[in-house]
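Trainee: Just so it is clear, I am handing over coords_10.cif, which has mmCIF, C-alpha atoms and all ligand atoms.
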```cif
data_start
loop_
_atom_site.label_atom_id
_atom_site.label_comp_id
_atom_site.auth_asym_id
_atom_site.auth_seq_id
_atom_site.Cartn_x
_atom_site.Cartn_y
_atom_site.Cartn_z
CA MET A 1 -60.33 81.12 -79.48
CA ASN A 2 -57.63 79.80 -81.75
CA LYS A 3 -57.43 76.15 -82.77
CA LYS A 4 -54.39 75.37 -80.59
CA LYS A 5 -56.10 76.68 -77.44
CA ARG A 6 -59.27 74.75 -78.25
CA ASN A 7 -57.24 71.56 -78.69
CA GLN A 8 -55.50 72.16 -75.38
CA GLN A 9 -58.83 72.69 -73.70
CA SER A 10 -60.29 69.49 -75.14
CA LEU A 11 -57.15 67.63 -73.97
CA CYS A 12 -57.78 68.96 -70.46
CA VAL A 13 -61.34 67.65 -70.58
CA GLN A 14 -60.05 64.22 -71.63
CA ALA A 15 -57.41 64.37 -68.91
CA GLN A 16 -60.14 64.66 -66.30
CA VAL A 17 -61.55 61.33 -67.45
CA ILE A 18 -58.24 59.46 -67.58
CA PRO A 19 -55.58 61.34 -65.62
CA ARG A 20 -52.37 61.07 -67.61
CA PRO A 21 -49.55 60.23 -65.19
CA LYS A 22 -46.12 61.61 -66.02
CA LEU A 23 -44.45 58.33 -65.36
CA CYS A 24 -45.02 54.62 -65.81
CA PRO A 25 -46.63 53.38 -62.56
CA VAL A 26 -44.58 50.17 -62.76
CA CYS A 27 -41.00 51.22 -63.52
CA GLY A 28 -41.15 55.01 -63.23
CA ARG A 29 -39.98 55.72 -66.79
CA THR A 30 -41.32 58.89 -68.34
CA LYS A 31 -41.11 58.09 -72.06
CA ASN A 32 -43.27 56.12 -74.50
CA LEU A 33 -46.31 55.78 -72.30
CA HIS A 34 -49.23 53.95 -73.88
CA PRO A 35 -52.70 52.94 -72.69
CA HIS A 36 -52.97 49.39 -71.44
CA HIS A 37 -56.31 47.68 -70.79
CA THR A 38 -56.02 45.70 -67.57
CA LYS A 39 -59.26 44.06 -68.67
CA LYS A 40 -58.86 43.26 -72.38
CA GLU A 41 -61.57 44.74 -74.56
CA ILE A 42 -61.76 41.63 -76.72
CA VAL A 43 -62.81 39.66 -73.62
CA PHE A 44 -64.60 42.17 -71.40
CA GLY A 45 -65.92 44.63 -73.99
CA LYS A 46 -65.48 48.38 -73.59
CA ASN A 47 -64.46 49.13 -70.00
CA PRO A 48 -62.69 51.90 -68.11
CA SER A 49 -59.81 49.76 -66.73
CA ILE A 50 -57.05 51.60 -68.56
CA VAL A 51 -53.60 52.57 -67.29
CA LEU A 52 -50.75 54.36 -69.02
CA ILE A 53 -47.55 52.35 -68.92
CA CYS A 54 -44.27 52.32 -70.84
CA ASP A 55 -43.58 50.16 -73.92
CA ASP A 56 -41.38 47.79 -72.03
CA CYS A 57 -43.81 47.15 -69.18
CA ARG A 58 -46.68 46.83 -71.63
CA HIS A 59 -44.81 44.14 -73.52
CA LYS A 60 -44.06 42.25 -70.27
CA ILE A 61 -47.62 42.34 -68.94
CA GLN A 62 -49.02 41.35 -72.33
CA CYS A 63 -46.75 38.27 -72.39
CA SER A 64 -47.84 37.35 -68.85
CA VAL A 65 -51.51 37.77 -69.73
CA ARG A 66 -51.11 35.57 -72.83
CA LEU A 67 -49.48 32.91 -70.69
CA MET A 68 -52.26 33.19 -68.12
CA GLU A 69 -54.92 32.82 -70.81
CA GLY A 70 -53.14 29.72 -72.10
CA TYR A 71 -53.26 28.20 -68.60
CA ILE A 72 -56.95 29.07 -68.22
CA LEU A 73 -57.95 27.70 -71.62
CA ARG A 74 -56.05 24.43 -71.08
CA ASN A 75 -58.78 23.45 -68.65
CA PHE A 76 -61.23 23.70 -71.51
CA ALA A 77 -59.20 21.89 -74.16
CA PRO A 78 -62.06 19.43 -74.86
CA VAL A 79 -64.21 22.34 -76.09
CA TYR A 80 -61.67 23.16 -78.84
CA GLN A 81 -61.90 19.52 -79.86
CA LYS A 82 -65.71 19.65 -79.89
CA ILE A 83 -65.80 22.82 -81.99
CA TRP A 84 -63.44 21.24 -84.50
CA GLU A 85 -65.26 17.90 -84.50
CA TYR A 86 -68.61 19.59 -85.18
CA TYR A 87 -67.01 21.77 -87.77
CA THR A 88 -65.59 18.92 -89.81
CA GLN A 89 -69.06 17.35 -89.80
CA ASN A 90 -70.50 20.54 -91.27
CA ARG A 91 -72.29 21.37 -88.06
CA HIS A 92 -72.12 24.46 -85.96
CA LEU A 93 -72.00 24.64 -82.16
CA THR A 94 -74.56 27.15 -80.87
CA GLY A 95 -73.79 29.55 -78.01
CA THR A 96 -75.87 27.40 -75.63
CA GLU A 97 -74.00 24.25 -76.63
CA ILE A 98 -70.66 25.99 -76.08
CA THR A 99 -71.83 27.08 -72.60
CA GLY A 100 -72.89 23.49 -71.89
CA TYR A 101 -69.48 22.10 -72.80
CA ILE A 102 -67.76 24.77 -70.67
CA GLU A 103 -69.93 23.68 -67.70
CA GLN A 104 -69.00 20.08 -68.33
CA CYS A 105 -65.30 20.99 -68.10
CA PHE A 106 -65.90 22.61 -64.73
CA ILE A 107 -67.55 19.42 -63.52
CA GLU A 108 -65.11 16.91 -64.96
CA ILE A 109 -61.74 18.57 -64.57
CA ASP A 110 -60.34 18.85 -61.05
CA SER A 111 -57.20 20.86 -61.48
CA ILE A 112 -54.88 22.05 -64.17
CA VAL A 113 -54.69 19.07 -66.43
CA CYS A 114 -53.76 19.68 -69.99
CA GLU A 115 -55.81 17.31 -72.05
CA TYR A 116 -53.50 16.61 -74.94
CA ILE A 117 -55.31 15.11 -77.82
CA SER A 118 -53.74 12.37 -79.84
CA ILE A 119 -52.17 14.28 -82.64
CA VAL A 120 -52.60 12.83 -86.07
CA ASP A 121 -49.62 13.19 -88.34
CA ASN A 122 -50.37 15.82 -90.86
CA PRO A 123 -47.78 16.65 -93.49
CA LYS A 124 -46.37 20.07 -92.76
CA ASN A 125 -47.17 22.33 -95.61
CA ASN A 126 -45.78 25.82 -95.59
CA ASP A 127 -47.35 26.96 -98.83
CA ARG A 128 -49.23 30.19 -98.53
CA GLY A 129 -52.10 31.29 -100.68
CA VAL A 130 -52.76 27.75 -101.89
CA GLU A 131 -55.86 26.93 -103.86
CA GLY A 132 -57.81 23.75 -103.41
CA ILE A 133 -60.93 22.09 -102.09
CA CYS A 134 -62.15 23.41 -98.75
CA LEU A 135 -62.43 20.69 -96.14
CA ARG A 136 -65.78 22.05 -95.03
CA CYS A 137 -67.79 23.53 -97.88
CA GLY A 138 -66.15 21.48 -100.62
CA HIS A 139 -65.68 24.44 -102.96
CA PHE A 140 -62.52 25.03 -104.93
CA LYS A 141 -61.20 28.28 -103.49
CA GLU A 142 -58.19 30.08 -102.10
CA LEU A 143 -57.47 28.36 -98.81
CA ALA A 144 -56.33 29.58 -95.41
CA ARG A 145 -54.21 27.63 -92.95
CA HIS A 146 -56.07 26.65 -89.83
CA HIS A 147 -54.40 25.45 -86.66
CA PRO A 148 -57.19 23.77 -84.67
CA PHE A 149 -55.04 22.88 -81.66
CA LYS A 150 -53.42 26.10 -80.47
CA ARG A 151 -49.88 25.67 -79.22
CA ALA A 152 -50.60 27.82 -76.13
CA VAL A 153 -53.25 25.30 -75.09
CA PHE A 154 -52.23 21.94 -76.56
CA GLY A 155 -48.46 22.31 -76.64
CA GLU A 156 -46.21 22.01 -79.68
CA ASN A 157 -47.91 20.40 -82.66
CA ASP A 158 -47.98 20.88 -86.40
CA VAL A 159 -51.57 19.98 -87.11
CA VAL A 160 -52.67 22.27 -89.90
CA TYR A 161 -55.77 22.08 -92.06
CA TYR A 162 -56.67 24.05 -95.13
CA ILE A 163 -60.12 25.56 -95.32
CA CYS A 164 -61.45 28.45 -97.36
CA LYS A 165 -61.32 31.97 -95.95
CA GLU A 166 -65.11 32.25 -95.51
CA CYS A 167 -65.32 28.98 -93.58
CA HIS A 168 -62.27 29.99 -91.55
CA THR A 169 -63.92 33.25 -90.46
CA ILE A 170 -67.03 31.38 -89.27
CA LEU A 171 -64.91 28.90 -87.34
CA GLU A 172 -62.78 31.60 -85.72
CA ARG A 173 -65.96 33.36 -84.61
CA SER A 174 -67.02 30.25 -82.63
CA VAL A 175 -63.57 29.89 -81.10
CA THR A 176 -63.41 33.57 -80.10
CA HIS A 177 -66.90 33.38 -78.58
CA PHE A 178 -65.94 30.31 -76.57
CA GLU A 179 -62.63 31.78 -75.37
CA ALA A 180 -64.20 35.08 -74.31
CA THR A 181 -66.98 33.23 -72.43
CA VAL A 182 -64.37 31.28 -70.46
CA LEU A 183 -61.95 34.15 -69.88
CA ARG A 184 -64.70 36.46 -68.56
CA LYS A 185 -65.26 33.99 -65.72
CA PHE A 186 -61.63 34.53 -64.69
CA SER A 187 -61.82 38.31 -64.40
CA ARG A 188 -60.32 38.17 -60.88
CA CYS A 189 -57.15 36.64 -62.34
CA TYR A 190 -56.73 39.61 -64.67
CA ALA A 191 -57.14 42.02 -61.76
CA GLN A 192 -54.75 40.08 -59.51
CA ALA A 193 -52.14 39.66 -62.26
CA TRP A 194 -52.16 43.38 -62.90
CA ARG A 195 -51.89 44.23 -59.16
CA GLU A 196 -48.90 41.94 -58.71
CA PHE A 197 -47.22 43.11 -61.89
CA ALA A 198 -47.69 46.76 -60.92
CA SER A 199 -46.05 46.24 -57.54
CA GLU A 200 -43.25 43.80 -58.53
CA GLY A 201 -42.56 44.67 -62.17
CA PHE A 202 -42.92 41.01 -63.19
CA ILE A 203 -44.93 37.87 -62.42
CA ASP A 204 -43.39 34.48 -62.20
CA LYS A 205 -44.70 31.72 -64.50
CA ASP A 206 -45.47 29.41 -61.56
CA ARG A 207 -47.27 32.19 -59.77
CA ILE A 208 -49.53 32.75 -62.80
CA GLU A 209 -50.29 29.04 -62.97
CA TRP A 210 -51.12 29.02 -59.28
CA LEU A 211 -53.45 32.04 -59.58
CA VAL A 212 -55.31 30.33 -62.41
CA GLN A 213 -55.60 27.02 -60.58
CA ARG A 214 -56.86 28.70 -57.41
CA GLU A 215 -59.51 30.60 -59.37
CA PHE A 216 -60.55 27.52 -61.33
CA LEU A 217 -61.12 25.56 -58.12
CA SER A 218 -62.89 28.47 -56.47
CA ILE A 219 -65.33 28.86 -59.40
CA LYS A 220 -65.89 25.11 -59.38
CA ALA A 221 -66.60 25.09 -55.61
CA LYS A 222 -69.08 27.97 -55.95
CA ARG A 223 -70.95 26.16 -58.72
CA ARG A 224 -71.16 23.01 -56.62
CA TYR A 225 -72.58 25.05 -53.74
CA TYR A 226 -75.20 26.73 -55.91
CA ASN A 227 -76.12 23.50 -57.67
CA CYS A 228 -76.70 21.82 -54.28
CA LYS A 229 -78.91 24.72 -53.22
CA ILE A 230 -80.95 24.47 -56.41
CA LYS A 231 -81.44 20.71 -55.92
CA LYS A 232 -82.65 21.24 -52.34
ZN ZN B 301 -42.61 50.83 -67.26
ZN ZN B 302 -65.19 26.58 -97.25
#
```
Please go through the file and, once you have read it, give me the structure as structure tokens.
Mentor:
Amino acid sequence: MNKKKRNQQSLCVQAQVIPRPKLCPVCGRTKNLHPHHTKKEIVFGKNPSIVLICDDCRHKIQCSVRLMEGYILRNFAPVYQKIWEYYTQNRHLTGTEITGYIEQCFIEIDSIVCEYISIVDNPKNNDRGVEGICLRCGHFKELARHHPFKRAVFGENDVVYYICKECHTILERSVTHFEATVLRKFSRCYAQAWREFASEGFIDKDRIEWLVQREFLSIKAKRRYYNCKIKK
């Protein structure tokens, strides 16, 4: 068997796993189709929820998902503050502590309320590749810009701190762990957002906010129910 035939055959085998549609299921275009994970791998790990959609639709759904994640994470704004607070005191929040603070947000926050922190004026510094003393480890190193209060969650702000690249990586790991833990709880929002996008070709901003709020309250109600059962 020549190489071309073998390649074709292996493509057929792959095609049985993920059938490759000839057109984008959202807009019907036939060109530039790319895989899109309806359940992001960074949040849900490896999973088979993949569809082939066109560039344009992929860009639109990605923007909607980013917006949705911003709305979800706003409910947990105090956890970003905690992570940063611990960090500046040279302490590290463990996975269990992060879970505890997430639980606390479910108990204390009743609906979509963006908890804006009081933003301290920090001189805007656009220098890149600066060297200096790391806020955390105190070593003189090449520093990275860190934005502890994400605009998608806290709104516009220019709070920037300089910490060394090693410390920055450790910090980002905590933040990513926390965000993924929260976002996984909202898996139904990802599924619903995709369903609505696939049928309408867009999702309205208010609709996304409403989906998130409904899910937040539903998760909260379920927890209350289970907690009552445990107490009894
Ligand atoms: Zn499309
Ligand atoms: Zn450092």
Trainee: Tell me which of A:Asn32, A:Thr88, A:Gln213, A:Gln62 sits closest to ligand ZN 302 (chain B), counting all atoms listed in the file.
Mentor: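 Ranked by minimum distance to ligand ZN 302 (chain B), first place goes to A:Thr88.
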Trainee: Have a look at A:Gly70, A:Gly95, A:Pro48, A:Pro25 and name the one nearest to ligand ZN 301 (chain B); count all atoms listed in the file.
Mentor: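 Under the stated criterion, the closest residue is A:Pro25.
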Trainee: What's the separation between atom CA of A:Ile170 and atom CA of A:Glu156, in Å to one decimal place?
Mentor: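 That distance, rounded to one decimal, is 24.8 Å.
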Trainee: A:Arg214: which residues within 12 Å, counting all atoms listed in the file, same-chain residues fewer than 5 positions away excluded, as a ChimeraX atom specification?
Mentor: /A:71-72,110-112,186,188-189,192,207-209,219-221
Trainee: Counting all atoms listed in the file, find residues at most 8 Å from (-50.7, 19.9, -82.7) (file frame) and give them as a PyMOL selection string.
Mentor: chain A and resi 119+147-151+154-160
Trainee: Hey, which residues come within 9 Å of ligand ZN 302 (chain B) if we count all atoms listed in the file? Could you give them as a PyMOL selection string?
Mentor: chain A and resi 133-141+143+163-168
Trainee: Nearest to ligand ZN 301 (chain B) among A:Leu217, A:Leu73, A:Ala198, A:Val79, with distances taken over all atoms listed in the file: which residue is it?
Mentor: A:Ala198
Trainee: Would you tabulate, counting only C-alpha atoms and all ligand atoms, all residues of chain A that have an atom at most 12 Å from an atom of ligand ZN 301 (chain B), showing the closest pair of atoms and their distance in Å to one decimal, sorted by chain then ascending number, as JSON lines?
Mentor:
```
{"residue": "A:Pro21", "atom": "CA", "partner": "B:ZN301", "partner_atom": "ZN", "distance": 11.9}
{"residue": "A:Lys22", "atom": "CA", "partner": "B:ZN301", "partner_atom": "ZN", "distance": 11.4}
{"residue": "A:Leu23", "atom": "CA", "partner": "B:ZN301", "partner_atom": "ZN", "distance": 8.0}
{"residue": "A:Cys24", "atom": "CA", "partner": "B:ZN301", "partner_atom": "ZN", "distance": 4.7}
{"residue": "A:Pro25", "atom": "CA", "partner": "B:ZN301", "partner_atom": "ZN", "distance": 6.7}
{"residue": "A:Val26", "atom": "CA", "partner": "B:ZN301", "partner_atom": "ZN", "distance": 5.0}
{"residue": "A:Cys27", "atom": "CA", "partner": "B:ZN301", "partner_atom": "ZN", "distance": 4.1}
{"residue": "A:Gly28", "atom": "CA", "partner": "B:ZN301", "partner_atom": "ZN", "distance": 6.0}
{"residue": "A:Arg29", "atom": "CA", "partner": "B:ZN301", "partner_atom": "ZN", "distance": 5.6}
{"residue": "A:Thr30", "atom": "CA", "partner": "B:ZN301", "partner_atom": "ZN", "distance": 8.2}
{"residue": "A:Lys31", "atom": "CA", "partner": "B:ZN301", "partner_atom": "ZN", "distance": 8.8}
{"residue": "A:Asn32", "atom": "CA", "partner": "B:ZN301", "partner_atom": "ZN", "distance": 9.0}
{"residue": "A:Leu33", "atom": "CA", "partner": "B:ZN301", "partner_atom": "ZN", "distance": 8.0}
{"residue": "A:His34", "atom": "CA", "partner": "B:ZN301", "partner_atom": "ZN", "distance": 9.9}
{"residue": "A:Pro35", "atom": "CA", "partner": "B:ZN301", "partner_atom": "ZN", "distance": 11.7}
{"residue": "A:His36", "atom": "CA", "partner": "B:ZN301", "partner_atom": "ZN", "distance": 11.3}
{"residue": "A:Val51", "atom": "CA", "partner": "B:ZN301", "partner_atom": "ZN", "distance": 11.1}
{"residue": "A:Leu52", "atom": "CA", "partner": "B:ZN301", "partner_atom": "ZN", "distance": 9.0}
{"residue": "A:Ile53", "atom": "CA", "partner": "B:ZN301", "partner_atom": "ZN", "distance": 5.4}
{"residue": "A:Cys54", "atom": "CA", "partner": "B:ZN301", "partner_atom": "ZN", "distance": 4.2}
{"residue": "A:Asp55", "atom": "CA", "partner": "B:ZN301", "partner_atom": "ZN", "distance": 6.8}
{"residue": "A:Asp56", "atom": "CA", "partner": "B:ZN301", "partner_atom": "ZN", "distance": 5.8}
{"residue": "A:Cys57", "atom": "CA", "partner": "B:ZN301", "partner_atom": "ZN", "distance": 4.3}
{"residue": "A:Arg58", "atom": "CA", "partner": "B:ZN301", "partner_atom": "ZN", "distance": 7.2}
{"residue": "A:His59", "atom": "CA", "partner": "B:ZN301", "partner_atom": "ZN", "distance": 9.4}
{"residue": "A:Lys60", "atom": "CA", "partner": "B:ZN301", "partner_atom": "ZN", "distance": 9.2}
{"residue": "A:Ile61", "atom": "CA", "partner": "B:ZN301", "partner_atom": "ZN", "distance": 10.0}
{"residue": "A:Phe197", "atom": "CA", "partner": "B:ZN301", "partner_atom": "ZN", "distance": 10.5}
{"residue": "A:Ala198", "atom": "CA", "partner": "B:ZN301", "partner_atom": "ZN", "distance": 9.1}
{"residue": "A:Ser199", "atom": "CA", "partner": "B:ZN301", "partner_atom": "ZN", "distance": 11.3}
{"residue": "A:Glu200", "atom": "CA", "partner": "B:ZN301", "partner_atom": "ZN", "distance": 11.2}
{"residue": "A:Gly201", "atom": "CA", "partner": "B:ZN301", "partner_atom": "ZN", "distance": 8.0}
{"residue": "A:Phe202", "atom": "CA", "partner": "B:ZN301", "partner_atom": "ZN", "distance": 10.6}
```
Trainee: Dump as a PyMOL selection string all residues having an atom at most 10 Å from (-62.9, 40.5, -64.3), computed in the file's coordinates with all atoms listed in the file.
Mentor: chain A and resi 38-40+43-44+183-192
Trainee: Hey, which of A:Arg66, A:Ile107, A:Glu97, A:Ala180 ends up closest to A:Glu41? Count only C-alpha atoms.
Mentor: A:Ala180
Trainee: Would you fill the gaps in stretch 152-170 of chain A so it has N, CA and C atoms, then print it as a tab-separated table (two decimals), keeping the file's coordinate frame?
Mentor:
```
chain	number	residue	atom	x	y	z
A	152	ALA	N	-50.54	27.30	-77.50
A	152	ALA	CA	-50.60	27.82	-76.13
A	152	ALA	C	-51.45	26.92	-75.24
A	153	VAL	N	-52.35	26.15	-75.86
A	153	VAL	CA	-53.25	25.30	-75.09
A	153	VAL	C	-52.82	23.83	-75.16
A	154	PHE	N	-52.51	23.36	-76.36
A	154	PHE	CA	-52.23	21.94	-76.56
A	154	PHE	C	-50.74	21.59	-76.59
A	155	GLY	N	-49.89	22.59	-76.53
A	155	GLY	CA	-48.46	22.31	-76.64
A	155	GLY	C	-48.05	22.27	-78.11
A	156	GLU	N	-46.75	22.01	-78.32
A	156	GLU	CA	-46.21	22.01	-79.68
A	156	GLU	C	-46.90	20.96	-80.55
A	157	ASN	N	-47.39	21.35	-81.68
A	157	ASN	CA	-47.91	20.40	-82.66
A	157	ASN	C	-48.00	21.11	-84.01
A	158	ASP	N	-47.97	20.30	-85.05
A	158	ASP	CA	-47.98	20.88	-86.40
A	158	ASP	C	-49.25	20.55	-87.16
A	159	VAL	N	-50.33	20.34	-86.42
A	159	VAL	CA	-51.57	19.98	-87.11
A	159	VAL	C	-52.13	21.22	-87.81
A	160	VAL	N	-52.19	21.14	-89.12
A	160	VAL	CA	-52.67	22.27	-89.90
A	160	VAL	C	-53.69	21.75	-90.91
A	161	TYR	N	-54.80	22.45	-91.04
A	161	TYR	CA	-55.77	22.08	-92.06
A	161	TYR	C	-55.99	23.27	-92.97
A	162	TYR	N	-56.39	22.97	-94.18
A	162	TYR	CA	-56.67	24.05	-95.13
A	162	TYR	C	-58.17	24.16	-95.36
A	163	ILE	N	-58.70	25.31	-95.05
A	163	ILE	CA	-60.12	25.56	-95.32
A	163	ILE	C	-60.23	26.92	-95.99
A	164	CYS	N	-61.36	27.18	-96.64
A	164	CYS	CA	-61.45	28.45	-97.36
A	164	CYS	C	-61.61	29.60	-96.37
A	165	LYS	N	-61.33	30.82	-96.84
A	165	LYS	CA	-61.32	31.97	-95.95
A	165	LYS	C	-62.68	32.23	-95.30
A	166	GLU	N	-63.77	32.02	-96.06
A	166	GLU	CA	-65.11	32.25	-95.51
A	166	GLU	C	-65.38	31.28	-94.37
A	167	CYS	N	-65.07	30.00	-94.61
A	167	CYS	CA	-65.32	28.98	-93.58
A	167	CYS	C	-64.42	29.25	-92.37
A	168	HIS	N	-63.21	29.71	-92.63
A	168	HIS	CA	-62.27	29.99	-91.55
A	168	HIS	C	-62.80	31.10	-90.64
A	169	THR	N	-63.39	32.13	-91.25
A	169	THR	CA	-63.92	33.25	-90.46
A	169	THR	C	-65.04	32.76	-89.55
A	170	ILE	N	-65.92	31.89	-90.08
A	170	ILE	CA	-67.03	31.38	-89.27
A	170	ILE	C	-66.49	30.57	-88.08
```
